[in-house]
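So this block is protein32.pdb, PDB, C-alpha atoms and all ligand atoms:
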MODEL        1
ATOM      1  CA  MET A   6       5.286  20.769  -3.693
ATOM      2  CA  PRO A   7       2.943  17.819  -3.171
ATOM      3  CA  LEU A   8       4.472  14.533  -2.127
ATOM      4  CA  VAL A   9       2.582  11.664  -0.563
ATOM      5  CA  ASP A  10       3.519   8.364   1.093
ATOM      6  CA  SER A  11       0.667   6.074   0.094
ATOM      7  CA  HIS A  12       1.735   3.182   2.351
ATOM      8  CA  CYS A  13       3.584   3.149   5.662
ATOM      9  CA  HIS A  14       3.377   1.487   9.064
ATOM     10  CA  LEU A  15       3.985   4.292  11.559
ATOM     11  CA  GLN A  16       2.267   2.254  14.269
ATOM     12  CA  ASP A  17       5.059  -0.348  14.004
ATOM     13  CA  GLU A  18       7.005  -1.011  17.200
ATOM     14  CA  LYS A  19      10.179   0.144  15.458
ATOM     15  CA  PHE A  20       8.808   3.686  15.896
ATOM     16  CA  ASP A  21       7.836   3.276  19.549
ATOM     17  CA  ALA A  22      10.867   5.136  20.871
ATOM     18  CA  ASP A  23      10.515   8.270  18.720
ATOM     19  CA  ARG A  24       7.138   8.140  16.961
ATOM     20  CA  ALA A  25       6.238  11.780  17.629
ATOM     21  CA  ASP A  26       9.511  12.963  16.068
ATOM     22  CA  VAL A  27       9.086  10.697  13.042
ATOM     23  CA  MET A  28       5.525  11.906  12.550
ATOM     24  CA  ALA A  29       6.584  15.544  12.762
ATOM     25  CA  ARG A  30       9.384  14.993  10.226
ATOM     26  CA  SER A  31       6.995  13.079   7.963
ATOM     27  CA  LEU A  32       4.427  15.858   7.941
ATOM     28  CA  ASP A  33       7.172  18.403   7.222
ATOM     29  CA  ALA A  34       8.305  16.375   4.234
ATOM     30  CA  LEU A  35       4.916  15.268   2.898
ATOM     31  CA  ASP A  36       1.454  16.583   2.122
ATOM     32  CA  TRP A  37      -0.149  13.538   3.689
ATOM     33  CA  LEU A  38       0.352   9.838   4.270
ATOM     34  CA  VAL A  39      -1.599   6.630   4.808
ATOM     35  CA  ILE A  40      -0.901   4.254   7.714
ATOM     36  CA  ILE A  41      -1.712   0.679   6.729
ATOM     37  CA  GLY A  42      -2.925  -2.116   9.019
ATOM     38  CA  ASP A  43      -1.532  -5.671   9.099
ATOM     39  CA  ASP A  44      -3.933  -7.171  11.616
ATOM     40  CA  LEU A  45      -6.628  -5.970  13.990
ATOM     41  CA  PRO A  46      -4.282  -4.466  16.632
ATOM     42  CA  THR A  47      -2.183  -2.569  14.057
ATOM     43  CA  SER A  48      -5.339  -1.431  12.257
ATOM     44  CA  ARG A  49      -6.636  -0.073  15.544
ATOM     45  CA  ALA A  50      -3.283   1.559  16.307
ATOM     46  CA  GLY A  51      -3.235   3.146  12.849
ATOM     47  CA  VAL A  52      -6.693   4.622  13.308
ATOM     48  CA  ALA A  53      -5.575   6.007  16.687
ATOM     49  CA  LEU A  54      -2.877   8.020  14.849
ATOM     50  CA  VAL A  55      -5.079   9.689  12.206
ATOM     51  CA  SER A  56      -5.154  13.467  12.113
ATOM     52  CA  ASP A  57      -5.458  16.319   9.679
ATOM     53  CA  ARG A  58      -2.981  14.890   7.134
ATOM     54  CA  ILE A  59      -2.739  11.325   8.349
ATOM     55  CA  TYR A  60      -5.129   8.694   7.002
ATOM     56  CA  ALA A  61      -5.423   4.987   7.719
ATOM     57  CA  ALA A  62      -6.293   1.725   5.993
ATOM     58  CA  VAL A  63      -7.603  -1.187   8.051
ATOM     59  CA  GLY A  64      -7.159  -4.829   7.189
ATOM     60  CA  VAL A  65      -5.516  -8.153   7.902
ATOM     61  CA  HIS A  66      -2.368  -9.245   6.035
ATOM     62  CA  PRO A  67      -2.346 -12.816   4.637
ATOM     63  CA  TYR A  68       0.116 -13.863   7.392
ATOM     64  CA  TYR A  69      -2.742 -13.425   9.841
ATOM     65  CA  ALA A  70      -5.584 -14.615   7.604
ATOM     66  CA  ALA A  71      -6.608 -17.252  10.160
ATOM     67  CA  THR A  72      -7.789 -14.413  12.439
ATOM     68  CA  VAL A  73     -10.350 -13.158   9.915
ATOM     69  CA  ASP A  74     -13.573 -14.381  11.502
ATOM     70  CA  ASP A  75     -16.997 -12.735  11.923
ATOM     71  CA  ALA A  76     -15.888 -10.716  14.945
ATOM     72  CA  CYS A  77     -12.803  -9.473  13.095
ATOM     73  CA  ILE A  78     -14.878  -8.335  10.106
ATOM     74  CA  ASP A  79     -17.250  -6.535  12.495
ATOM     75  CA  ASP A  80     -14.307  -4.797  14.168
ATOM     76  CA  LEU A  81     -12.835  -3.759  10.813
ATOM     77  CA  ARG A  82     -16.242  -2.414   9.778
ATOM     78  CA  THR A  83     -16.454  -0.373  12.992
ATOM     79  CA  LEU A  84     -12.930   1.002  12.500
ATOM     80  CA  ALA A  85     -13.717   1.857   8.875
ATOM     81  CA  ALA A  86     -16.561   4.106  10.026
ATOM     82  CA  ASN A  87     -13.902   6.676  10.953
ATOM     83  CA  GLU A  88     -13.929   9.240   8.133
ATOM     84  CA  ARG A  89     -10.125   9.153   7.912
ATOM     85  CA  VAL A  90     -10.107   5.443   7.098
ATOM     86  CA  VAL A  91      -9.664   5.519   3.335
ATOM     87  CA  ALA A  92      -9.148   1.866   2.349
ATOM     88  CA  ILE A  93      -9.234  -1.788   3.329
ATOM     89  CA  GLY A  94      -5.674  -3.140   3.537
ATOM     90  CA  GLU A  95      -3.313  -4.549   3.414
ATOM     91  CA  ILE A  96      -4.982  -7.747   2.250
ATOM     92  CA  GLY A  97      -4.024 -10.412  -0.261
ATOM     93  CA  LEU A  98      -2.057 -13.620  -0.661
ATOM     94  CA  ASP A  99       1.507 -14.478   0.350
ATOM     95  CA  TYR A 100       3.043 -17.773  -0.746
ATOM     96  CA  PHE A 101       6.571 -16.910   0.365
ATOM     97  CA  LYS A 102       8.172 -19.775   2.276
ATOM     98  CA  TYR A 103       7.965 -18.070   5.674
ATOM     99  CA  ASN A 104       4.184 -17.809   5.592
ATOM    100  CA  ASP A 105       2.781 -20.999   7.065
ATOM    101  CA  THR A 106      -0.868 -19.947   6.800
ATOM    102  CA  PRO A 107      -2.478 -22.480   4.422
ATOM    103  CA  ARG A 108      -3.412 -21.143   0.998
ATOM    104  CA  ASP A 109      -7.118 -21.924   1.365
ATOM    105  CA  VAL A 110      -7.225 -20.046   4.678
ATOM    106  CA  GLN A 111      -5.514 -17.066   3.045
ATOM    107  CA  ALA A 112      -8.035 -17.093   0.196
ATOM    108  CA  VAL A 113     -10.988 -17.074   2.588
ATOM    109  CA  GLY A 114      -9.532 -14.171   4.615
ATOM    110  CA  PHE A 115      -8.795 -12.257   1.418
ATOM    111  CA  ARG A 116     -12.299 -12.774  -0.008
ATOM    112  CA  ARG A 117     -14.050 -11.821   3.215
ATOM    113  CA  GLN A 118     -12.159  -8.531   3.298
ATOM    114  CA  LEU A 119     -12.813  -7.901  -0.392
ATOM    115  CA  ASP A 120     -16.515  -8.400   0.366
ATOM    116  CA  LEU A 121     -16.192  -5.820   3.152
ATOM    117  CA  ALA A 122     -14.496  -3.333   0.787
ATOM    118  CA  VAL A 123     -17.342  -3.804  -1.703
ATOM    119  CA  GLU A 124     -19.929  -3.350   1.055
ATOM    120  CA  LEU A 125     -18.269  -0.164   2.320
ATOM    121  CA  ASN A 126     -17.351   1.236  -1.110
ATOM    122  CA  LEU A 127     -13.718   1.502  -0.090
ATOM    123  CA  PRO A 128     -10.675   0.868  -2.292
ATOM    124  CA  VAL A 129      -8.292  -1.973  -1.443
ATOM    125  CA  VAL A 130      -4.554  -2.087  -0.756
ATOM    126  CA  ILE A 131      -3.289  -5.422  -2.047
ATOM    127  CA  HIS A 132      -0.299  -7.382  -0.798
ATOM    128  CA  ASN A 133       0.912 -10.101  -3.158
ATOM    129  CA  ARG A 134       4.032 -12.163  -2.730
ATOM    130  CA  GLU A 135       4.722 -15.057  -5.065
ATOM    131  CA  ALA A 136       0.991 -15.687  -5.463
ATOM    132  CA  PHE A 137       0.409 -14.056  -8.833
ATOM    133  CA  ASP A 138      -2.023 -16.499 -10.437
ATOM    134  CA  ASP A 139      -4.327 -16.880  -7.454
ATOM    135  CA  THR A 140      -4.248 -13.147  -6.653
ATOM    136  CA  ALA A 141      -5.114 -12.409 -10.273
ATOM    137  CA  SER A 142      -7.990 -14.859 -10.473
ATOM    138  CA  ILE A 143      -9.578 -13.524  -7.277
ATOM    139  CA  LEU A 144      -9.135  -9.864  -8.239
ATOM    140  CA  GLU A 145     -10.343 -10.510 -11.771
ATOM    141  CA  GLU A 146     -13.603 -11.601 -10.150
ATOM    142  CA  TYR A 147     -13.854  -8.697  -7.681
ATOM    143  CA  ALA A 148     -12.469  -5.789  -9.737
ATOM    144  CA  PRO A 149     -15.795  -4.832 -11.388
ATOM    145  CA  GLN A 150     -17.454  -4.380  -7.970
ATOM    146  CA  LEU A 151     -14.537  -2.718  -6.167
ATOM    147  CA  SER A 152     -14.049   1.028  -5.689
ATOM    148  CA  GLY A 153     -10.525   0.756  -7.031
ATOM    149  CA  GLY A 154      -7.318  -0.592  -5.603
ATOM    150  CA  VAL A 155      -3.562  -0.545  -5.569
ATOM    151  CA  MET A 156      -0.994  -3.319  -5.932
ATOM    152  CA  HIS A 157       1.323  -2.188  -3.182
ATOM    153  CA  CYS A 158       5.110  -2.634  -3.274
ATOM    154  CA  PHE A 159       4.827  -4.022  -6.770
ATOM    155  CA  ALA A 160       7.082  -6.986  -7.473
ATOM    156  CA  GLY A 161       6.127  -8.909 -10.558
ATOM    157  CA  SER A 162       6.471  -9.338 -14.277
ATOM    158  CA  THR A 163       5.419  -7.068 -17.101
ATOM    159  CA  ASP A 164       2.483  -9.421 -17.714
ATOM    160  CA  PHE A 165       1.331  -9.130 -14.120
ATOM    161  CA  ALA A 166       1.644  -5.329 -14.243
ATOM    162  CA  GLU A 167      -0.539  -5.302 -17.352
ATOM    163  CA  GLN A 168      -3.104  -7.502 -15.640
ATOM    164  CA  VAL A 169      -3.220  -5.193 -12.612
ATOM    165  CA  LEU A 170      -3.684  -2.182 -14.895
ATOM    166  CA  SER A 171      -6.516  -3.956 -16.724
ATOM    167  CA  TRP A 172      -8.516  -4.005 -13.481
ATOM    168  CA  GLY A 173      -8.204  -0.216 -13.293
ATOM    169  CA  PHE A 174      -5.840  -0.538 -10.318
ATOM    170  CA  TYR A 175      -2.860   1.617  -9.473
ATOM    171  CA  ILE A 176       0.650   0.202  -9.175
ATOM    172  CA  SER A 177       2.774   1.406  -6.288
ATOM    173  CA  PHE A 178       6.545   1.225  -6.078
ATOM    174  CA  ALA A 179       8.488   1.179  -2.844
ATOM    175  CA  GLY A 180      12.198   1.741  -2.186
ATOM    176  CA  ASN A 181      13.165  -1.640  -3.610
ATOM    177  CA  VAL A 182      12.633  -0.324  -7.161
ATOM    178  CA  THR A 183      15.790   1.768  -6.576
ATOM    179  CA  PHE A 184      17.974  -1.230  -5.694
ATOM    180  CA  PRO A 185      20.736  -1.952  -8.237
ATOM    181  CA  LYS A 186      19.602  -5.560  -8.679
ATOM    182  CA  ALA A 187      15.944  -4.678  -9.319
ATOM    183  CA  GLU A 188      16.250  -4.867 -13.115
ATOM    184  CA  ASP A 189      13.174  -7.101 -13.497
ATOM    185  CA  LEU A 190      11.108  -4.719 -11.467
ATOM    186  CA  ARG A 191      12.209  -1.790 -13.616
ATOM    187  CA  THR A 192      11.370  -3.726 -16.772
ATOM    188  CA  ALA A 193       7.812  -4.115 -15.447
ATOM    189  CA  ALA A 194       7.748  -0.438 -14.401
ATOM    190  CA  ARG A 195       8.163   0.508 -18.068
ATOM    191  CA  VAL A 196       4.539  -0.470 -18.782
ATOM    192  CA  VAL A 197       3.037   1.590 -15.946
ATOM    193  CA  PRO A 198       1.609   4.868 -17.250
ATOM    194  CA  MET A 199       2.032   8.013 -15.137
ATOM    195  CA  ASP A 200      -1.674   8.192 -14.394
ATOM    196  CA  ARG A 201      -1.586   4.741 -12.722
ATOM    197  CA  LEU A 202       1.570   5.235 -10.666
ATOM    198  CA  LEU A 203       1.912   5.590  -6.891
ATOM    199  CA  VAL A 204       4.950   5.791  -4.618
ATOM    200  CA  GLU A 205       5.268   4.511  -1.070
ATOM    201  CA  THR A 206       7.835   3.641   1.576
ATOM    202  CA  ASP A 207       6.356   0.600   3.349
ATOM    203  CA  ALA A 208       8.251   2.128   6.308
ATOM    204  CA  PRO A 209       9.858   0.873   8.523
ATOM    205  CA  TYR A 210      10.894  -1.567   5.782
ATOM    206  CA  LEU A 211      12.550  -1.197   2.375
ATOM    207  CA  ALA A 212      14.540   2.020   2.719
ATOM    208  CA  PRO A 213      15.499   3.234  -0.773
ATOM    209  CA  GLN A 214      19.068   2.750  -2.031
ATOM    210  CA  ALA A 215      20.163   6.266  -0.968
ATOM    211  CA  VAL A 216      19.419   5.422   2.677
ATOM    212  CA  ARG A 217      19.574   1.632   2.434
ATOM    213  CA  GLY A 218      20.065  -0.245   5.693
ATOM    214  CA  LYS A 219      18.465   2.496   7.772
ATOM    215  CA  ARG A 220      15.064   2.229   9.353
ATOM    216  CA  CYS A 221      12.803   3.606   6.643
ATOM    217  CA  GLU A 222      10.466   6.512   7.404
ATOM    218  CA  PRO A 223       7.763   8.197   5.300
ATOM    219  CA  GLY A 224       9.870  11.202   4.197
ATOM    220  CA  TYR A 225      12.242   8.815   2.405
ATOM    221  CA  VAL A 226       9.592   8.374  -0.287
ATOM    222  CA  ARG A 227      11.300  11.386  -1.840
ATOM    223  CA  HIS A 228      14.253   9.196  -2.839
ATOM    224  CA  THR A 229      11.969   6.772  -4.652
ATOM    225  CA  ALA A 230      10.110   9.620  -6.345
ATOM    226  CA  GLU A 231      13.386  11.216  -7.476
ATOM    227  CA  TYR A 232      14.619   7.891  -8.777
ATOM    228  CA  LEU A 233      11.407   7.193 -10.714
ATOM    229  CA  ALA A 234      11.342  10.726 -12.149
ATOM    230  CA  GLU A 235      14.737  10.085 -13.685
ATOM    231  CA  PHE A 236      13.683   6.603 -14.760
ATOM    232  CA  TYR A 237      10.589   7.891 -16.593
ATOM    233  CA  GLY A 238      12.404  10.975 -17.901
ATOM    234  CA  VAL A 239      10.121  13.525 -16.243
ATOM    235  CA  SER A 240      10.849  16.222 -13.692
ATOM    236  CA  TYR A 241      10.739  15.415 -10.005
ATOM    237  CA  GLU A 242       8.025  18.083  -9.630
ATOM    238  CA  ASP A 243       5.911  16.381 -12.254
ATOM    239  CA  LEU A 244       6.305  12.905 -10.774
ATOM    240  CA  SER A 245       5.645  13.914  -7.181
ATOM    241  CA  GLN A 246       2.605  15.949  -8.239
ATOM    242  CA  ARG A 247       1.169  13.189 -10.422
ATOM    243  CA  THR A 248       1.648  10.448  -7.852
ATOM    244  CA  ALA A 249       0.081  12.643  -5.152
ATOM    245  CA  GLU A 250      -2.927  13.285  -7.402
ATOM    246  CA  ASN A 251      -3.243   9.589  -8.179
ATOM    247  CA  ALA A 252      -3.153   8.677  -4.491
ATOM    248  CA  ALA A 253      -5.774  11.337  -3.742
ATOM    249  CA  ASP A 254      -7.938   9.932  -6.502
ATOM    250  CA  LEU A 255      -7.590   6.334  -5.272
ATOM    251  CA  PHE A 256      -8.258   7.162  -1.618
ATOM    252  CA  ASN A 257     -10.885   9.844  -2.324
ATOM    253  CA  ILE A 258      -8.896  12.499  -0.507
ATOM    254  CA  SER A 259      -9.591  16.082  -1.510
ATOM    255  CA  SER A 260      -6.625  18.314  -0.857
TER     256      SER A 260
HETATM  257 ZN    ZN A 301       2.951  -2.759   4.107
ENDMDL
END
Turn the structure described in the file into structure tokens.
Ligand SMILES: [Zn+2]
Amino acid sequence: MPLVDSHCHLQDEKFDADRADVMARSLDALDWLVIIGDDLPTSRAGVALVSDRIYAAVGVHPYYAATVDDACIDDLRTLAANERVVAIGEIGLDYFKYNDTPRDVQAVGFRRQLDLAVELNLPVVIHNREAFDDTASILEEYAPQLSGGVMHCFAGSTDFAEQVLSWGFYISFAGNVTFPKAEDLRTAARVVPMDRLLVETDAPYLAPQAVRGKRCEPGYVRHTAEYLAEFYGVSYEDLSQRTAENAADLFNISS
């Protein structure tokens, strides 16, 4: 049965000791997965791991927005020429207290990478943390030119979910939607129709409740899919199939 992890970081150093085993387990459990970049080195490392059922996205996370200069954009463009690079990401804005990159620098890095996605006709994987208004105003502007996108690891209000849907974007839930205290997140999830829904792990982070506290790995997306199937009142088969089809549609992957 199809099941896809639309967002993981298998190049992360937390997998250095046993990456080959994790990748083998992931491909046993899943149809395919997408490895997402956070900066130039992790984008490069992600592209180095692509194979038959492993795809990559390249991009610079808002933490590292100050590194997005002309040379960086050129390097991302070169990496994106690989046919298994299916998106630009993760990119966006992050106003959480631990991010000391100034907001204007983040906005410039975000816009430059959105311009690259438009140029290359690639969809975008968006990271947003506590930056709803500014993320929305920038994406409102870019959405008509973009080849689609996903709000990854969704964490926001019902209003924000509706805004994201109005751009024609997908909304992706990670393991945190299964946490007992995630009531607000589940309230927002109520407005997401099945044809706009994706699931992801964000591995090695955010292991779902059933395996909480462990290092997360792509196969654990099953727990999130099972949880959401029950939440939406559909069968697990239906939810895993639909989310796999949606991810294939977003990333232009023909299975
Ligand atoms: Zn991520």
>> Could you tell me, as a ChimeraX atom specification, exactly which residues end up selected when the PyMOL selection byres (((not hetatm)) within 9 of (chain A and resi 301)) is applied to this structure?
In response: /A:12-14,40-43,66,94-95,130,132,157-158,206-210
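Take atom CA of Pro7 of chain A and atom CA of Pro223 of chain A: the distance between them is 13.7 Å.
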>> On this structure, the PyMOL selection byres (((chain A and resi 99) around 12) and not hetatm) would catch which residues? List them as a PyMOL selection string, sorted by chain and number.
In response: chain A and resi 66-70+95-98+100-112+114-115+131-140
Serialized selection, C-alpha atoms, as a PDB file, keeping the file's coordinate frame:
ATOM      1  CA  HIS A  66      -2.368  -9.245   6.035  1.00  0.00           C
ATOM      2  CA  PRO A  67      -2.346 -12.816   4.637  1.00  0.00           C
ATOM      3  CA  TYR A  68       0.116 -13.863   7.392  1.00  0.00           C
ATOM      4  CA  TYR A  69      -2.742 -13.425   9.841  1.00  0.00           C
ATOM      5  CA  ALA A  70      -5.584 -14.615   7.604  1.00  0.00           C
ATOM      6  CA  GLU A  95      -3.313  -4.549   3.414  1.00  0.00           C
ATOM      7  CA  ILE A  96      -4.982  -7.747   2.250  1.00  0.00           C
ATOM      8  CA  GLY A  97      -4.024 -10.412  -0.261  1.00  0.00           C
ATOM      9  CA  LEU A  98      -2.057 -13.620  -0.661  1.00  0.00           C
ATOM     10  CA  TYR A 100       3.043 -17.773  -0.746  1.00  0.00           C
ATOM     11  CA  PHE A 101       6.571 -16.910   0.365  1.00  0.00           C
ATOM     12  CA  LYS A 102       8.172 -19.775   2.276  1.00  0.00           C
ATOM     13  CA  TYR A 103       7.965 -18.070   5.674  1.00  0.00           C
ATOM     14  CA  ASN A 104       4.184 -17.809   5.592  1.00  0.00           C
ATOM     15  CA  ASP A 105       2.781 -20.999   7.065  1.00  0.00           C
ATOM     16  CA  THR A 106      -0.868 -19.947   6.800  1.00  0.00           C
ATOM     17  CA  PRO A 107      -2.478 -22.480   4.422  1.00  0.00           C
ATOM     18  CA  ARG A 108      -3.412 -21.143   0.998  1.00  0.00           C
ATOM     19  CA  ASP A 109      -7.118 -21.924   1.365  1.00  0.00           C
ATOM     20  CA  VAL A 110      -7.225 -20.046   4.678  1.00  0.00           C
ATOM     21  CA  GLN A 111      -5.514 -17.066   3.045  1.00  0.00           C
ATOM     22  CA  ALA A 112      -8.035 -17.093   0.196  1.00  0.00           C
ATOM     23  CA  GLY A 114      -9.532 -14.171   4.615  1.00  0.00           C
ATOM     24  CA  PHE A 115      -8.795 -12.257   1.418  1.00  0.00           C
ATOM     25  CA  ILE A 131      -3.289  -5.422  -2.047  1.00  0.00           C
ATOM     26  CA  HIS A 132      -0.299  -7.382  -0.798  1.00  0.00           C
ATOM     27  CA  ASN A 133       0.912 -10.101  -3.158  1.00  0.00           C
ATOM     28  CA  ARG A 134       4.032 -12.163  -2.730  1.00  0.00           C
ATOM     29  CA  GLU A 135       4.722 -15.057  -5.065  1.00  0.00           C
ATOM     30  CA  ALA A 136       0.991 -15.687  -5.463  1.00  0.00           C
ATOM     31  CA  PHE A 137       0.409 -14.056  -8.833  1.00  0.00           C
ATOM     32  CA  ASP A 138      -2.023 -16.499 -10.437  1.00  0.00           C
ATOM     33  CA  ASP A 139      -4.327 -16.880  -7.454  1.00  0.00           C
ATOM     34  CA  THR A 140      -4.248 -13.147  -6.653  1.00  0.00           C
TER      35      THR A 140
END
> Quick one: residues within 12 Å of Thr192 of chain A, only C-alpha atoms counted, chain neighbours fewer than 4 positions away excluded, as a list in words?
Replying inline: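 Non-adjacent residues within range: Phe159, Ala160, Gly161, Ser162, Thr163, Asp164, Phe165, Ala166, Val182, Lys186, Ala187, Glu188, Val196, Val197, Phe236 and Tyr237 of chain A.
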Sorted by chain and rising residue number, list the residues of segment 76-143 of chain A at most 10 Å from segment 49-52 of chain A (counting only C-alpha atoms), each with its closest atom pair and distance in Å to one decimal, as CSV.
residue,atom,partner,partner_atom,distance
A:Asp80,CA,A:Arg49,CA,9.1
A:Leu81,CA,A:Arg49,CA,8.6
A:Leu84,CA,A:Arg49,CA,7.1
A:Ala85,CA,A:Val52,CA,8.8
A:Asn87,CA,A:Val52,CA,7.9
A:Arg89,CA,A:Val52,CA,7.8
A:Val90,CA,A:Val52,CA,7.1
>> At a cut-off of 12 Å, using all atoms listed in the file, what residues contact Glu146 of chain A? Leave out same-chain residues fewer than 4 positions from it and give the result as JSON, numbers by chain.
In response: {"A": [116, 119, 120, 139, 140, 141, 142, 150, 151, 172]}
> Do you have the atom CA of Leu35 of chain A-atom CA of Gly153 of chain A distance handy?
Replying inline: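 Value for the atom CA of Leu35 of chain A-atom CA of Gly153 of chain A distance: 23.4 Å.
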> Any idea what's packed within 10 Å of Ala253 of chain A, counting only C-alpha atoms, ignoring anything in its chain fewer than 4 positions away? Could you give it as a PyMOL selection string?
Replying inline: chain A and resi 9+11+37+91+247-249+257-260
> Distance atom CA of Arg58 of chain A-atom CA of Ala215 of chain A, one decimal place?
Replying inline: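 One can read the atom CA of Arg58 of chain A to atom CA of Ala215 of chain A distance as 26.0 Å.
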>> Given the point (2.9, 11.1, -6.5) in the coordinates of this file, which residues lie within 9 Å, counting all atoms listed in the file, and how would they look as a PyMOL selection string?
In response: chain A and resi 7-11+202-205+230+243-252
> So, counting only C-alpha atoms, which residue among A:Asp200, A:Ile78, A:Phe256, A:Glu88 is closest to Glu124 of chain A?
Replying inline: A:Ile78
If the PyMOL selection byres (((chain A and resi 152) around 9) and not hetatm) is run on the structure shown, which residues does it catch, given as a CSV table (one decimal) with C-alpha atoms, in the coordinates of the input?
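Written output follows (result17.csv):
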chain,number,residue,atom,x,y,z
A,122,ALA,CA,-14.5,-3.3,0.8
A,123,VAL,CA,-17.3,-3.8,-1.7
A,126,ASN,CA,-17.4,1.2,-1.1
A,127,LEU,CA,-13.7,1.5,-0.1
A,128,PRO,CA,-10.7,0.9,-2.3
A,129,VAL,CA,-8.3,-2.0,-1.4
A,148,ALA,CA,-12.5,-5.8,-9.7
A,149,PRO,CA,-15.8,-4.8,-11.4
A,150,GLN,CA,-17.5,-4.4,-8.0
A,151,LEU,CA,-14.5,-2.7,-6.2
A,153,GLY,CA,-10.5,0.8,-7.0
A,154,GLY,CA,-7.3,-0.6,-5.6
A,255,LEU,CA,-7.6,6.3,-5.3
> Excluding same-chain residues fewer than 5 positions from segment 25-31 of chain A, what lies within 9 Å of it counting only C-alpha atoms, as a PyMOL selection string?
Replying inline: chain A and resi 15+20+36-38+222-225
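Compared by their closest atoms to Arg195 of chain A, and using only C-alpha atoms, the residues A:Cys77, A:Cys221, A:Leu233, A:Leu211 rank with A:Leu233 nearest.
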Just need the box for segment 135-139 of chain A, edges along x, y and z, holding every atom the file lists for it with 6 Å tacked onto each side, so centre and edge lengths in Å to one decimal, as lines of an AutoDock Vina configuration file.
center_x = 0.2
center_y = -15.5
center_z = -7.8
size_x = 21.0
size_y = 14.8
size_z = 17.4
